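**Student:** So here's structure10.txt (compact mmCIF, C-alpha atoms).
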```
# COMPACT_ATOMS: atom_id res chain seq x y z
CA MET T 1 82.40 12.07 50.96
CA PRO T 2 83.46 9.58 53.67
CA GLN T 3 81.23 9.73 56.72
CA ASN T 4 84.15 9.69 59.16
CA ARG T 5 85.90 12.72 57.69
CA SER T 6 86.02 15.77 59.94
CA THR T 7 87.23 19.35 59.70
CA HIS T 8 89.77 20.11 62.44
CA LEU T 9 89.73 23.72 63.59
CA PHE T 10 92.26 25.10 66.04
CA VAL T 11 91.01 27.76 68.40
CA LEU T 12 93.18 30.22 70.30
CA GLY T 13 92.07 30.44 73.93
CA LEU T 14 89.12 28.08 73.62
CA ASP T 15 86.69 28.10 76.55
CA GLU T 16 83.68 25.85 77.14
CA LEU T 17 81.04 28.41 76.19
CA ASN T 18 82.63 29.08 72.81
CA ARG T 19 83.32 25.38 72.28
CA ASP T 20 79.59 24.74 72.58
CA LYS T 21 78.82 27.56 70.15
CA LEU T 22 81.34 26.33 67.57
CA GLU T 23 80.12 22.75 67.76
CA SER T 24 76.54 23.88 67.15
CA VAL T 25 77.23 25.38 63.73
CA VAL T 26 76.11 23.82 60.46
CA ALA T 27 78.73 22.26 58.16
CA GLU T 28 78.75 19.61 55.44
CA GLU T 29 81.15 17.57 57.55
CA PRO T 30 81.62 17.25 61.34
CA ILE T 31 83.56 20.00 63.10
CA ARG T 32 86.26 19.09 65.57
CA VAL T 33 87.66 21.97 67.61
CA HIS T 34 91.01 21.87 69.38
CA PRO T 35 92.25 24.39 71.95
CA VAL T 36 95.53 26.21 71.28
CA LEU T 37 97.21 27.86 74.25
CA ASP T 38 95.55 28.60 77.55
CA LEU T 39 93.22 31.58 77.66
CA ALA T 40 94.63 32.83 80.97
CA ALA T 41 98.14 32.94 79.51
CA LEU T 42 96.93 34.73 76.39
CA THR T 43 95.12 37.42 78.35
CA SER T 44 98.02 38.07 80.75
CA HIS T 45 99.73 40.95 78.97
CA GLU T 46 102.57 41.51 81.43
CA ASP T 47 105.91 40.77 79.69
CA PHE T 48 104.03 39.17 76.78
CA ASP T 49 106.54 37.60 74.37
CA VAL T 50 105.00 37.63 70.91
CA GLY T 51 107.64 35.49 69.19
CA ALA T 52 107.71 32.81 71.87
CA THR T 53 103.91 32.66 72.00
CA LEU T 54 103.64 32.24 68.23
CA ASP T 55 106.26 29.47 68.22
CA ARG T 56 104.53 27.66 71.08
CA ALA T 57 101.16 27.84 69.32
CA GLU T 58 102.62 26.60 66.02
CA ARG T 59 104.32 23.64 67.71
CA GLN T 60 101.09 22.73 69.48
CA ILE T 61 99.14 22.74 66.21
CA ARG T 62 101.75 20.84 64.19
CA ALA T 63 101.88 18.16 66.91
CA HIS T 64 98.40 17.03 65.81
CA SER T 65 98.26 14.36 63.15
CA GLU T 66 95.03 15.70 61.66
CA PRO T 67 95.11 18.16 58.73
CA VAL T 68 94.57 21.71 59.91
CA GLY T 69 91.26 23.01 58.57
CA GLY T 70 91.59 26.54 59.92
CA ILE T 71 92.54 28.87 62.77
CA ILE T 72 89.77 30.56 64.74
CA ASN T 73 89.84 33.52 67.05
CA PHE T 74 87.04 35.40 68.79
CA TRP T 75 89.10 37.29 71.40
CA ASP T 76 90.52 40.78 71.43
CA PHE T 77 94.20 41.66 71.88
CA PRO T 78 96.62 39.92 71.74
CA VAL T 79 94.80 36.92 70.24
CA SER T 80 93.30 39.03 67.45
CA LEU T 81 96.84 39.78 66.22
CA LEU T 82 98.34 36.36 66.89
CA ALA T 83 95.72 34.59 64.79
CA PRO T 84 96.50 36.14 61.37
CA ILE T 85 100.26 35.62 61.80
CA LEU T 86 99.77 32.02 62.87
CA ALA T 87 97.33 31.26 60.05
CA ARG T 88 99.68 32.71 57.44
CA ARG T 89 102.54 30.59 58.81
CA LEU T 90 100.40 27.51 58.25
CA GLY T 91 99.15 28.57 54.81
CA LEU T 92 95.56 29.04 55.96
CA SER T 93 92.87 31.58 55.12
CA ALA T 94 93.30 34.70 57.24
CA PRO T 95 93.31 38.50 57.08
CA SER T 96 96.66 40.23 56.81
CA LEU T 97 98.33 41.57 59.96
CA ARG T 98 98.35 45.02 58.36
CA GLY T 99 94.58 44.83 57.74
CA VAL T 100 93.90 43.85 61.34
CA LEU T 101 96.16 46.61 62.66
CA GLY T 102 94.33 49.08 60.43
CA CYS T 103 91.24 48.34 62.52
CA GLU T 104 92.80 47.91 65.95
CA HIS T 105 95.27 50.82 66.01
CA LYS T 106 92.72 53.48 66.95
CA TYR T 107 94.73 56.43 65.61
CA TRP T 108 95.71 54.79 62.31
CA SER T 109 92.15 53.54 61.86
CA ARG T 110 90.91 57.14 62.21
CA VAL T 111 93.48 58.30 59.62
CA LEU T 112 92.29 55.67 57.15
CA GLN T 113 88.62 56.40 57.87
CA ARG T 114 89.15 60.12 57.29
CA ARG T 115 90.59 59.48 53.81
CA VAL T 116 87.33 58.03 52.48
CA ALA T 117 84.61 59.00 55.00
CA ALA T 118 85.74 62.29 56.56
CA GLU T 119 82.18 63.50 57.22
CA HIS T 120 81.65 60.50 59.54
CA VAL T 121 84.81 61.00 61.65
CA PRO T 122 85.21 63.47 64.56
CA PRO T 123 88.27 65.74 65.02
CA PHE T 124 91.15 63.67 66.39
CA GLU T 125 94.90 63.57 67.04
CA SER T 126 97.50 61.39 68.72
CA VAL T 127 99.32 62.36 71.90
CA ASP T 128 102.08 60.91 74.08
CA PRO T 129 100.55 60.70 77.59
CA PHE T 130 104.04 60.85 79.15
CA ASP T 131 104.88 64.16 77.43
CA ASP T 132 103.55 67.08 79.47
CA GLU T 133 104.29 69.56 76.70
CA ALA T 134 102.39 67.50 74.14
CA LEU T 135 99.43 67.26 76.53
CA ALA T 136 99.40 71.04 76.87
CA ARG T 137 99.22 71.38 73.07
CA ILE T 138 96.15 69.16 72.48
CA GLY T 139 94.22 70.86 69.69
CA VAL T 140 90.86 69.08 70.06
CA ASP T 141 88.40 71.26 71.96
CA TYR T 142 86.98 70.23 75.33
CA PRO T 143 85.06 68.06 75.99
CA PHE T 144 86.81 65.11 74.33
CA TRP T 145 87.65 61.46 74.78
CA ILE T 146 91.18 60.24 75.48
CA LYS T 147 92.02 56.55 75.16
CA PRO T 148 95.07 54.37 74.36
CA VAL T 149 95.59 53.64 70.66
CA LYS T 150 94.98 50.04 71.71
CA SER T 151 92.57 49.08 74.47
CA PHE T 152 89.32 47.16 74.86
CA SER T 153 86.06 47.27 76.83
CA SER T 154 86.59 51.05 77.22
CA HIS T 155 89.49 50.28 79.59
CA LEU T 156 91.52 53.47 80.23
CA GLY T 157 89.11 55.49 78.10
CA PHE T 158 88.03 58.76 79.71
CA ARG T 159 85.64 61.55 78.85
CA VAL T 160 87.50 64.79 79.57
CA ARG T 161 85.56 67.98 80.26
CA HIS T 162 88.36 70.26 81.42
CA ARG T 163 92.00 70.38 82.53
CA ARG T 164 91.30 68.73 85.91
CA ASP T 165 89.63 65.77 84.18
CA LEU T 166 92.62 65.46 81.85
CA HIS T 167 95.07 65.47 84.76
CA ARG T 168 93.09 62.74 86.54
CA ALA T 169 92.75 60.63 83.37
CA ILE T 170 96.45 60.89 82.54
CA GLY T 171 97.30 59.61 86.01
CA HIS T 172 95.31 56.43 85.38
CA ILE T 173 96.58 56.05 81.81
CA ARG T 174 100.23 56.36 82.80
CA GLN T 175 99.78 53.63 85.40
CA GLY T 176 98.11 51.14 83.05
CA ILE T 177 98.88 51.84 79.41
CA THR T 178 102.22 50.02 79.19
CA GLU T 179 100.69 46.69 80.20
CA ILE T 180 99.33 46.40 76.66
CA GLY T 181 101.39 49.10 74.96
CA TYR T 182 104.75 47.31 74.77
CA ALA T 183 103.20 44.08 73.51
CA PHE T 184 101.21 46.02 70.91
CA ASN T 185 104.46 47.60 69.72
CA SER T 186 105.87 44.10 69.13
CA PHE T 187 103.05 43.38 66.69
CA MET T 188 103.47 46.76 64.98
CA GLU T 189 107.12 45.92 64.34
CA ARG T 190 106.04 42.83 62.40
CA ALA T 191 103.98 44.84 59.89
CA ASP T 192 105.03 47.20 57.11
CA LEU T 193 103.49 50.41 58.43
CA PRO T 194 103.77 54.02 57.22
CA ALA T 195 106.44 55.99 59.06
CA ASP T 196 103.93 58.45 60.52
CA ILE T 197 102.02 55.51 62.02
CA SER T 198 104.91 53.37 63.23
CA SER T 199 106.03 56.33 65.38
CA VAL T 200 102.64 56.33 67.18
CA GLY T 201 103.04 53.19 69.26
CA GLY T 202 101.02 51.33 71.83
CA ASN T 203 101.94 53.75 74.62
CA HIS T 204 100.35 56.68 72.77
CA CYS T 205 96.77 57.86 73.05
CA LEU T 206 94.03 58.96 70.69
CA VAL T 207 92.25 62.19 71.52
CA GLU T 208 88.98 62.73 69.67
CA GLY T 209 85.93 64.95 69.79
CA LEU T 210 82.68 63.76 71.29
CA ILE T 211 80.15 62.02 69.09
CA GLY T 212 76.78 60.68 70.11
CA GLY T 213 73.31 59.54 69.24
CA SER T 214 71.77 56.10 68.98
CA GLN T 215 74.55 53.52 69.05
CA CYS T 216 74.43 50.53 66.72
CA THR T 217 76.90 47.79 65.82
CA LEU T 218 77.05 46.34 62.33
CA GLU T 219 78.19 42.70 62.35
CA GLY T 220 79.59 41.48 59.05
CA PHE T 221 82.40 39.78 57.18
CA VAL T 222 84.68 40.29 54.20
CA HIS T 223 85.41 37.35 51.92
CA ARG T 224 87.70 37.72 48.90
CA GLY T 225 87.21 41.46 48.91
CA GLU T 226 83.41 41.39 49.14
CA MET T 227 81.80 42.76 52.30
CA SER T 228 78.47 41.51 53.68
CA ALA T 229 76.45 42.60 56.70
CA TYR T 230 74.30 40.04 58.50
CA GLY T 231 73.05 41.85 61.59
CA PHE T 232 72.68 45.19 63.41
CA VAL T 233 72.66 45.30 67.22
CA ASP T 234 71.58 48.34 69.27
CA SER T 235 73.61 49.42 72.30
CA PHE T 236 71.86 51.23 75.15
CA ARG T 237 73.53 53.09 78.02
CA TYR T 238 72.42 53.89 81.55
CA PRO T 239 70.75 57.33 81.66
CA ASN T 240 73.37 60.10 81.72
CA ARG T 241 76.13 57.48 81.95
CA SER T 242 78.86 56.17 79.66
CA SER T 243 78.28 52.54 80.71
CA PHE T 244 76.17 50.11 78.70
CA SER T 245 72.89 48.84 80.13
CA ARG T 246 72.11 46.34 77.34
CA TYR T 247 72.76 45.18 73.78
CA GLN T 248 69.58 44.36 71.84
CA TYR T 249 69.04 42.51 68.55
CA PRO T 250 67.67 43.15 66.00
CA SER T 251 68.18 46.89 65.76
CA GLY T 252 65.26 49.28 65.84
CA LEU T 253 66.96 51.91 63.65
CA PRO T 254 65.36 52.90 60.33
CA ARG T 255 66.33 50.64 57.47
CA ARG T 256 67.70 53.59 55.46
CA VAL T 257 70.12 54.40 58.30
CA MET T 258 71.37 50.82 58.54
CA LYS T 259 71.78 50.74 54.76
CA ARG T 260 73.93 53.86 54.89
CA MET T 261 76.03 52.37 57.70
CA GLU T 262 76.59 49.34 55.49
CA GLU T 263 77.76 51.55 52.63
CA ILE T 264 80.17 53.42 54.91
CA ALA T 265 81.57 50.17 56.28
CA ARG T 266 82.17 48.82 52.78
CA THR T 267 84.10 51.95 51.74
CA VAL T 268 86.19 52.13 54.92
CA LEU T 269 87.10 48.44 55.03
CA GLU T 270 88.22 48.56 51.41
CA GLU T 271 90.55 51.44 52.32
CA ILE T 272 91.87 49.55 55.36
CA GLY T 273 92.39 46.38 53.35
CA LEU T 274 90.66 43.98 55.72
CA ASP T 275 89.81 40.73 53.93
CA ASP T 276 88.82 37.16 54.80
CA SER T 277 87.72 38.27 58.23
CA ALA T 278 84.68 38.79 60.41
CA PHE T 279 84.27 42.29 61.82
CA ASN T 280 81.98 44.48 63.85
CA MET T 281 81.78 48.21 63.22
CA GLU T 282 80.23 50.54 65.78
CA PHE T 283 78.29 53.65 64.75
CA PHE T 284 76.30 56.50 66.24
CA TRP T 285 73.24 57.89 64.51
CA ASP T 286 72.55 61.48 65.52
CA ARG T 287 68.87 61.60 64.65
CA ARG T 288 68.49 65.35 65.27
CA ARG T 289 71.36 66.36 62.98
CA GLY T 290 70.97 63.50 60.54
CA ARG T 291 74.62 62.50 61.05
CA ILE T 292 76.20 59.05 61.15
CA TRP T 293 79.47 58.75 63.05
CA ILE T 294 81.98 55.89 63.03
CA LEU T 295 82.98 54.90 66.56
CA GLU T 296 85.39 51.99 66.01
CA ILE T 297 86.08 48.80 64.07
CA ASN T 298 86.90 45.38 65.54
CA PRO T 299 88.25 42.67 63.16
CA ARG T 300 86.33 39.85 64.85
CA ILE T 301 82.81 38.91 65.90
CA SER T 302 81.45 40.35 69.11
CA GLN T 303 81.10 37.50 71.59
CA SER T 304 78.54 39.58 73.44
CA HIS T 305 76.23 39.16 70.46
CA GLY T 306 76.64 35.41 69.89
CA ASP T 307 73.77 34.34 72.12
CA LEU T 308 71.56 37.10 70.69
CA PHE T 309 72.00 35.78 67.16
CA GLU T 310 71.36 32.24 68.36
CA LYS T 311 68.11 33.24 70.05
CA VAL T 312 66.78 35.19 67.05
CA ASP T 313 68.45 33.54 64.04
CA GLY T 314 68.68 29.99 65.36
CA ILE T 315 72.48 29.79 65.23
CA PRO T 316 75.32 31.78 66.81
CA HIS T 317 77.43 33.88 64.47
CA HIS T 318 80.35 31.57 65.23
CA GLN T 319 79.09 30.04 61.98
CA ILE T 320 80.78 32.96 60.20
CA LEU T 321 84.12 32.12 61.83
CA VAL T 322 83.95 28.45 60.87
CA ASP T 323 83.19 29.22 57.23
CA LEU T 324 85.89 31.89 56.90
CA ALA T 325 88.53 29.76 58.64
CA ARG T 326 87.91 27.05 56.04
CA GLY T 327 88.21 29.56 53.20
CA HIS T 328 84.49 29.44 52.37
CA ARG T 329 82.05 32.28 51.87
CA PRO T 330 79.71 32.29 54.90
CA CYS T 331 76.07 31.44 54.28
CA TRP T 332 73.71 33.16 56.76
CA THR T 333 69.95 32.68 56.61
CA GLY T 334 68.67 34.35 59.78
CA ARG T 335 65.37 34.70 61.70
CA GLU T 336 64.99 30.99 62.40
CA GLY T 337 65.37 31.14 66.19
CA ASP T 338 62.91 30.80 69.06
CA PHE T 339 62.58 34.54 69.78
CA ARG T 340 61.87 37.69 67.80
CA CYS T 341 64.37 39.75 69.79
CA ALA T 342 67.07 39.18 72.40
CA ALA T 343 69.30 41.21 74.69
CA LYS T 344 72.37 41.07 76.86
CA PHE T 345 71.72 43.05 80.06
CA PHE T 346 74.43 44.43 82.36
CA LEU T 347 73.85 44.83 86.09
CA ARG T 348 76.17 47.55 87.37
CA ARG T 349 77.09 49.68 90.35
CA PHE T 350 78.78 53.03 89.93
CA SER T 351 80.72 53.01 93.20
CA ASP T 352 82.80 50.39 94.97
CA ALA T 353 81.15 48.05 97.47
CA ARG T 354 81.65 44.76 99.23
CA VAL T 355 79.49 41.89 97.99
CA ALA T 356 77.48 40.65 100.97
CA ARG T 357 75.20 38.25 99.07
CA VAL T 358 74.91 36.74 95.60
CA PRO T 359 71.99 34.70 94.21
CA THR T 360 72.02 31.01 95.08
CA GLU T 361 72.14 28.27 92.45
CA ALA T 362 68.51 27.50 93.24
CA GLU T 363 67.49 31.12 92.65
CA ILE T 364 69.31 31.19 89.32
CA ALA T 365 67.75 27.85 88.32
CA GLU T 366 64.28 29.25 89.10
CA VAL T 367 64.95 32.22 86.81
CA VAL T 368 65.93 29.86 83.98
CA ARG T 369 62.75 27.82 84.60
CA ARG T 370 60.52 30.91 84.49
CA PHE T 371 62.26 32.40 81.47
CA PRO T 372 63.33 29.71 78.98
CA GLY T 373 66.57 30.56 77.24
CA ALA T 374 67.76 32.88 79.99
CA LEU T 375 71.47 32.74 80.83
CA VAL T 376 72.88 34.26 84.01
CA ASP T 377 76.59 35.00 84.57
CA VAL T 378 77.69 36.20 88.02
CA PRO T 379 81.42 37.06 88.11
CA VAL T 380 81.36 38.23 91.75
CA ARG T 381 81.45 36.17 94.94
CA GLU T 382 80.44 36.90 98.50
CA GLY T 383 83.04 38.82 100.48
CA MET T 384 84.89 40.38 97.54
CA LYS T 385 85.03 44.05 96.70
CA LEU T 386 83.79 45.16 93.30
CA SER T 387 87.14 46.86 92.76
CA ASP T 388 88.73 43.38 92.87
CA LEU T 389 87.06 42.50 89.55
CA ASP T 390 89.45 42.22 86.61
CA PRO T 391 89.80 45.86 85.45
CA GLN T 392 90.25 44.73 81.85
CA GLU T 393 86.72 43.30 81.98
CA GLN T 394 85.27 46.60 83.26
CA ASP T 395 84.87 50.07 81.83
CA SER T 396 86.35 53.10 83.58
CA TYR T 397 83.11 54.23 85.23
CA SER T 398 81.27 51.26 86.74
CA TYR T 399 81.42 47.73 88.10
CA ASN T 400 79.59 45.05 86.11
CA TYR T 401 78.57 42.49 88.71
CA ALA T 402 76.19 40.30 86.67
CA ILE T 403 75.15 39.64 83.07
CA LEU T 404 71.80 38.34 81.84
CA PHE T 405 70.93 37.04 78.36
CA MET T 406 67.22 36.86 77.51
CA GLY T 407 64.93 36.40 74.51
CA ALA T 408 61.33 37.53 74.06
CA SER T 409 58.61 38.19 71.50
CA SER T 410 59.07 41.98 71.64
CA GLY T 411 61.32 44.65 73.06
CA ARG T 412 58.71 45.56 75.66
CA ARG T 413 58.38 41.98 76.90
CA LEU T 414 62.17 41.79 76.99
CA ARG T 415 62.41 44.77 79.34
CA VAL T 416 59.53 43.52 81.51
CA GLY T 417 61.24 40.14 81.80
CA PHE T 418 64.53 41.75 82.75
CA ASN T 419 62.92 43.73 85.57
CA ALA T 420 61.33 40.54 86.89
CA VAL T 421 64.63 38.67 86.77
CA ARG T 422 66.48 41.49 88.49
CA GLU T 423 64.04 41.29 91.40
CA ALA T 424 64.40 37.49 91.51
CA LEU T 425 68.20 37.66 91.75
CA PRO T 426 68.90 39.29 95.12
CA PHE T 427 72.33 40.91 95.44
CA VAL T 428 73.30 42.68 98.65
CA PHE T 429 76.16 45.22 98.82
CA GLU T 430 77.81 46.94 101.73
CA ASP T 431 80.19 49.89 101.93
CA PRO T 432 83.73 48.57 101.42
```
Would you mind giving the structure from this file in structure tokens?
**Tutor:**
Amino acid sequence: MPQNRSTHLFVLGLDELNRDKLESVVAEEPIRVHPVLDLAALTSHEDFDVGATLDRAERQIRAHSEPVGGIINFWDFPVSLLAPILARRLGLSAPSLRGVLGCEHKYWSRVLQRRVAAEHVPPFESVDPFDDEALARIGVDYPFWIKPVKSFSSHLGFRVRHRRDLHRAIGHIRQGITEIGYAFNSFMERADLPADISSVGGNHCLVEGLIGGSQCTLEGFVHRGEMSAYGFVDSFRYPNRSSFSRYQYPSGLPRRVMKRMEEIARTVLEEIGLDDSAFNMEFFWDRRRGRIWILEINPRISQSHGDLFEKVDGIPHHQILVDLARGHRPCWTGREGDFRCAAKFFLRRFSDARVARVPTEAEIAEVVRRFPGALVDVPVREGMKLSDLDPQEQDSYSYNYAILFMGASSGRRLRVGFNAVREALPFVFEDP
């Protein structure tokens, strides 16, 4: 093979962090990544024109003289739905739009899950949040969750205990659901969907019973109809809260439980028809009742886990994306990294405040010196209110004002290190 030959991969919404991850993967020939469309434009959902965006992306790719080796996406909506359409236009390996929608349309996904894994699915139904009569007829018992059929990062998802909670949640949902809802409908119109699903559009909600237990995410891929799992990541929440405190890899769940999750995922994804795609599937394990519940399925890798895999396995799971985009079966070895475990920690406040002080560059650099491999992301700045953070990057119950990635030799050392870093990164907040 000529030494100067490269594989050219085109990435929707490429940013510098993910560029570095992609360029660190292992391949038999050099990888060259090219950005397609600006991330800010892709994540601005207001008046999103699906057809025009697809045409613009295709023109940008075809303008390159190099042969197209594959299309890569690691973002949620709308990029997750643009990518399969664009890849199919260019004759490249990709999942079908219908398969991706079968994961992302929360109500339809529940319908498909119930067909083959009913014992792992809570009671659920769809509801039009703008129809007062339909809201009064909700058949799922309180307490329940209500969320748009398409959302992300728990945005506009609410735990509802009684009628007052429902009234408050519906007020928020009505204000924000159409920002994504109309654009999601445009993608639904491009797929051959069952009539009972096509009538439940992006401005509808899923209502479902509460499930709980130890939360775990299975990261895997499907290639030519064969599913493989390569990692399980635990998700921990703040005590008595719905907000995450950290993601930790590898999982501490019993092997038999993870094996059963893998079997469930294989059965469900076959029913959905997802193929040639990475995915992550979230579960709860109710230890006391011995029940496993399906929470949701995302037809992509979780970016939140990329650094965790790199720390423990020696390479980010962007490797999976590169292999699949080129039509190859991914090869994952694992456990060749510098740490035995790793975590992504979230620093949060549960009420609004004004940011009076953030850590200095010198303070952050000292943390990195003391804890090799640590990465610190501070999305806030002095003088801003926490409520000014992008709501689509927040859940409905808290404000995430900093993120910390760390690796360690054990879970205990990981938590001790986090507490030390939190003390070394002084934030000051004032009443807004």
**Student:** Using only C-alpha atoms, determine which residues lie at most 6 Å from range 374-379 of chain T, disregarding the query and same-chain residues fewer than 4 positions distant; provide the list as a list in words.
**Tutor:**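 The residues satisfying every condition are Val368, Ala402, Ile403, Leu404, Phe405 and Met406 of chain T.
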**Student:** Give one line per residue of range 149-255 of chain T that approaches range 320-323 of chain T to at most 12 Å, naming the two atoms of the closest pair and their distance in Å to one decimal, counting all atoms listed in the file; sort by chain then ascending residue number and deliver it as a Markdown table.
**Tutor:**
```
| residue | atom | partner | partner_atom | distance |
| --- | --- | --- | --- | --- |
| T:Glu219 | CA | T:Ile320 | CA | 10.3 |
| T:Gly220 | CA | T:Ile320 | CA | 8.7 |
| T:Phe221 | CA | T:Ile320 | CA | 7.6 |
| T:Val222 | CA | T:Ile320 | CA | 10.2 |
| T:His223 | CA | T:Asp323 | CA | 10.0 |
| T:Ser228 | CA | T:Ile320 | CA | 11.0 |
| T:Ala229 | CA | T:Ile320 | CA | 11.1 |
| T:Tyr230 | CA | T:Ile320 | CA | 9.7 |
| T:Gly231 | CA | T:Ile320 | CA | 11.9 |
```
**Student:** As JSON, numbers by chain, please: the residues near range 133-149 of chain T (cut-off 10 Å, all atoms listed in the file, same-chain neighbours under 2 positions excluded).
**Tutor:** {"T": [104, 105, 106, 107, 108, 109, 122, 123, 124, 125, 126, 127, 128, 129, 130, 131, 151, 152, 154, 155, 156, 157, 158, 159, 160, 161, 162, 163, 165, 166, 167, 169, 170, 173, 176, 177, 178, 180, 181, 184, 200, 201, 202, 203, 204, 205, 206, 207, 208, 209, 210, 211]}
**Student:** Limited to C-alpha atoms, could you put the picked residues into a file as an mmCIF file, in the frame of the given file?
**Tutor:**
```cif
data_model
loop_
_atom_site.group_PDB
_atom_site.id
_atom_site.type_symbol
_atom_site.label_atom_id
_atom_site.label_comp_id
_atom_site.auth_asym_id
_atom_site.auth_seq_id
_atom_site.Cartn_x
_atom_site.Cartn_y
_atom_site.Cartn_z
ATOM 1 C CA GLU T 104 92.800 47.910 65.950
ATOM 2 C CA HIS T 105 95.270 50.820 66.010
ATOM 3 C CA LYS T 106 92.720 53.480 66.950
ATOM 4 C CA TYR T 107 94.730 56.430 65.610
ATOM 5 C CA TRP T 108 95.710 54.790 62.310
ATOM 6 C CA SER T 109 92.150 53.540 61.860
ATOM 7 C CA PRO T 122 85.210 63.470 64.560
ATOM 8 C CA PRO T 123 88.270 65.740 65.020
ATOM 9 C CA PHE T 124 91.150 63.670 66.390
ATOM 10 C CA GLU T 125 94.900 63.570 67.040
ATOM 11 C CA SER T 126 97.500 61.390 68.720
ATOM 12 C CA VAL T 127 99.320 62.360 71.900
ATOM 13 C CA ASP T 128 102.080 60.910 74.080
ATOM 14 C CA PRO T 129 100.550 60.700 77.590
ATOM 15 C CA PHE T 130 104.040 60.850 79.150
ATOM 16 C CA ASP T 131 104.880 64.160 77.430
ATOM 17 C CA SER T 151 92.570 49.080 74.470
ATOM 18 C CA PHE T 152 89.320 47.160 74.860
ATOM 19 C CA SER T 154 86.590 51.050 77.220
ATOM 20 C CA HIS T 155 89.490 50.280 79.590
ATOM 21 C CA LEU T 156 91.520 53.470 80.230
ATOM 22 C CA GLY T 157 89.110 55.490 78.100
ATOM 23 C CA PHE T 158 88.030 58.760 79.710
ATOM 24 C CA ARG T 159 85.640 61.550 78.850
ATOM 25 C CA VAL T 160 87.500 64.790 79.570
ATOM 26 C CA ARG T 161 85.560 67.980 80.260
ATOM 27 C CA HIS T 162 88.360 70.260 81.420
ATOM 28 C CA ARG T 163 92.000 70.380 82.530
ATOM 29 C CA ASP T 165 89.630 65.770 84.180
ATOM 30 C CA LEU T 166 92.620 65.460 81.850
ATOM 31 C CA HIS T 167 95.070 65.470 84.760
ATOM 32 C CA ALA T 169 92.750 60.630 83.370
ATOM 33 C CA ILE T 170 96.450 60.890 82.540
ATOM 34 C CA ILE T 173 96.580 56.050 81.810
ATOM 35 C CA GLY T 176 98.110 51.140 83.050
ATOM 36 C CA ILE T 177 98.880 51.840 79.410
ATOM 37 C CA THR T 178 102.220 50.020 79.190
ATOM 38 C CA ILE T 180 99.330 46.400 76.660
ATOM 39 C CA GLY T 181 101.390 49.100 74.960
ATOM 40 C CA PHE T 184 101.210 46.020 70.910
ATOM 41 C CA VAL T 200 102.640 56.330 67.180
ATOM 42 C CA GLY T 201 103.040 53.190 69.260
ATOM 43 C CA GLY T 202 101.020 51.330 71.830
ATOM 44 C CA ASN T 203 101.940 53.750 74.620
ATOM 45 C CA HIS T 204 100.350 56.680 72.770
ATOM 46 C CA CYS T 205 96.770 57.860 73.050
ATOM 47 C CA LEU T 206 94.030 58.960 70.690
ATOM 48 C CA VAL T 207 92.250 62.190 71.520
ATOM 49 C CA GLU T 208 88.980 62.730 69.670
ATOM 50 C CA GLY T 209 85.930 64.950 69.790
ATOM 51 C CA LEU T 210 82.680 63.760 71.290
ATOM 52 C CA ILE T 211 80.150 62.020 69.090
#
```
**Student:** Which of these, T:Phe279, T:Trp285, T:Phe339, T:Phe427, has the shortest distance to Pro359 in chain T once you count all atoms listed in the file?
**Tutor:**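 Ranked by minimum distance to Pro359 in chain T, first place goes to T:Phe427.
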**Student:** Could you tell me how far CA of Phe429 in chain T sits from CA of Ser396 in chain T, in Å to one decimal place?
**Tutor:**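 Interatomic distance here is 20.0 Å.
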**Student:** Give me the residues near Glu366 in chain T as a ChimeraX atom specification, where near means some atom within 12 Å (using all atoms listed in the file) and where sequence neighbours in that chain fewer than 3 positions away do not count.
**Tutor:** /T:359-363,369-372,374-376,420-421,424-425
**Student:** What does the distance between CA of Val100 in chain T and CA of Ile72 in chain T come to in Å, to one decimal place?
**Tutor:** 14.3 Å
**Student:** How many Å separate CA of His34 in chain T from CA of Arg89 in chain T?
**Tutor:**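 Result for CA of His34 in chain T versus CA of Arg89 in chain T: 17.9 Å, one decimal.
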**Student:** Have a look at T:Met281, T:Cys103, T:Arg190, T:Asp132 and name the one nearest to Ile85 in chain T; count all atoms listed in the file.
**Tutor:**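 Among T:Met281, T:Cys103, T:Arg190, T:Asp132, it is T:Arg190 that comes nearest to Ile85 in chain T.
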**Student:** So which residues touch range 6-8 of chain T within 7 Å, counting all atoms listed in the file, skipping near sequence neighbours fewer than 5 positions away, as a PyMOL selection string?
**Tutor:** chain T and resi 29-33+66-69
**Student:** So that I can check the surroundings of Lys259 in chain T, please list as a list in words every protein, DNA and RNA residue that reaches within 12 Å of it, counting only C-alpha atoms and ignoring chain neighbours fewer than 2 positions away.
**Tutor:**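 So, after excluding close chain neighbours, the residues are Leu218, Ser228, Ala229, Tyr230, Gly231, Phe232, Leu253, Pro254, Arg255, Arg256, Val257, Met261, Glu262, Glu263, Ile264, Ala265, Arg266 and Ile292 of chain T.
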**Student:** With distances taken over only C-alpha atoms, which residue among T:Ile294, T:Ala342, T:Val428, T:Val355 lies nearest Ala118 in chain T?
**Tutor:** T:Ile294
**Student:** Nearest to Ala52 in chain T among T:Gly91, T:Leu101, T:Arg349, T:Ser186, with distances taken over all atoms listed in the file: which residue is it?
**Tutor:**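 For Ala52 in chain T, the nearest of the given residues is T:Ser186.
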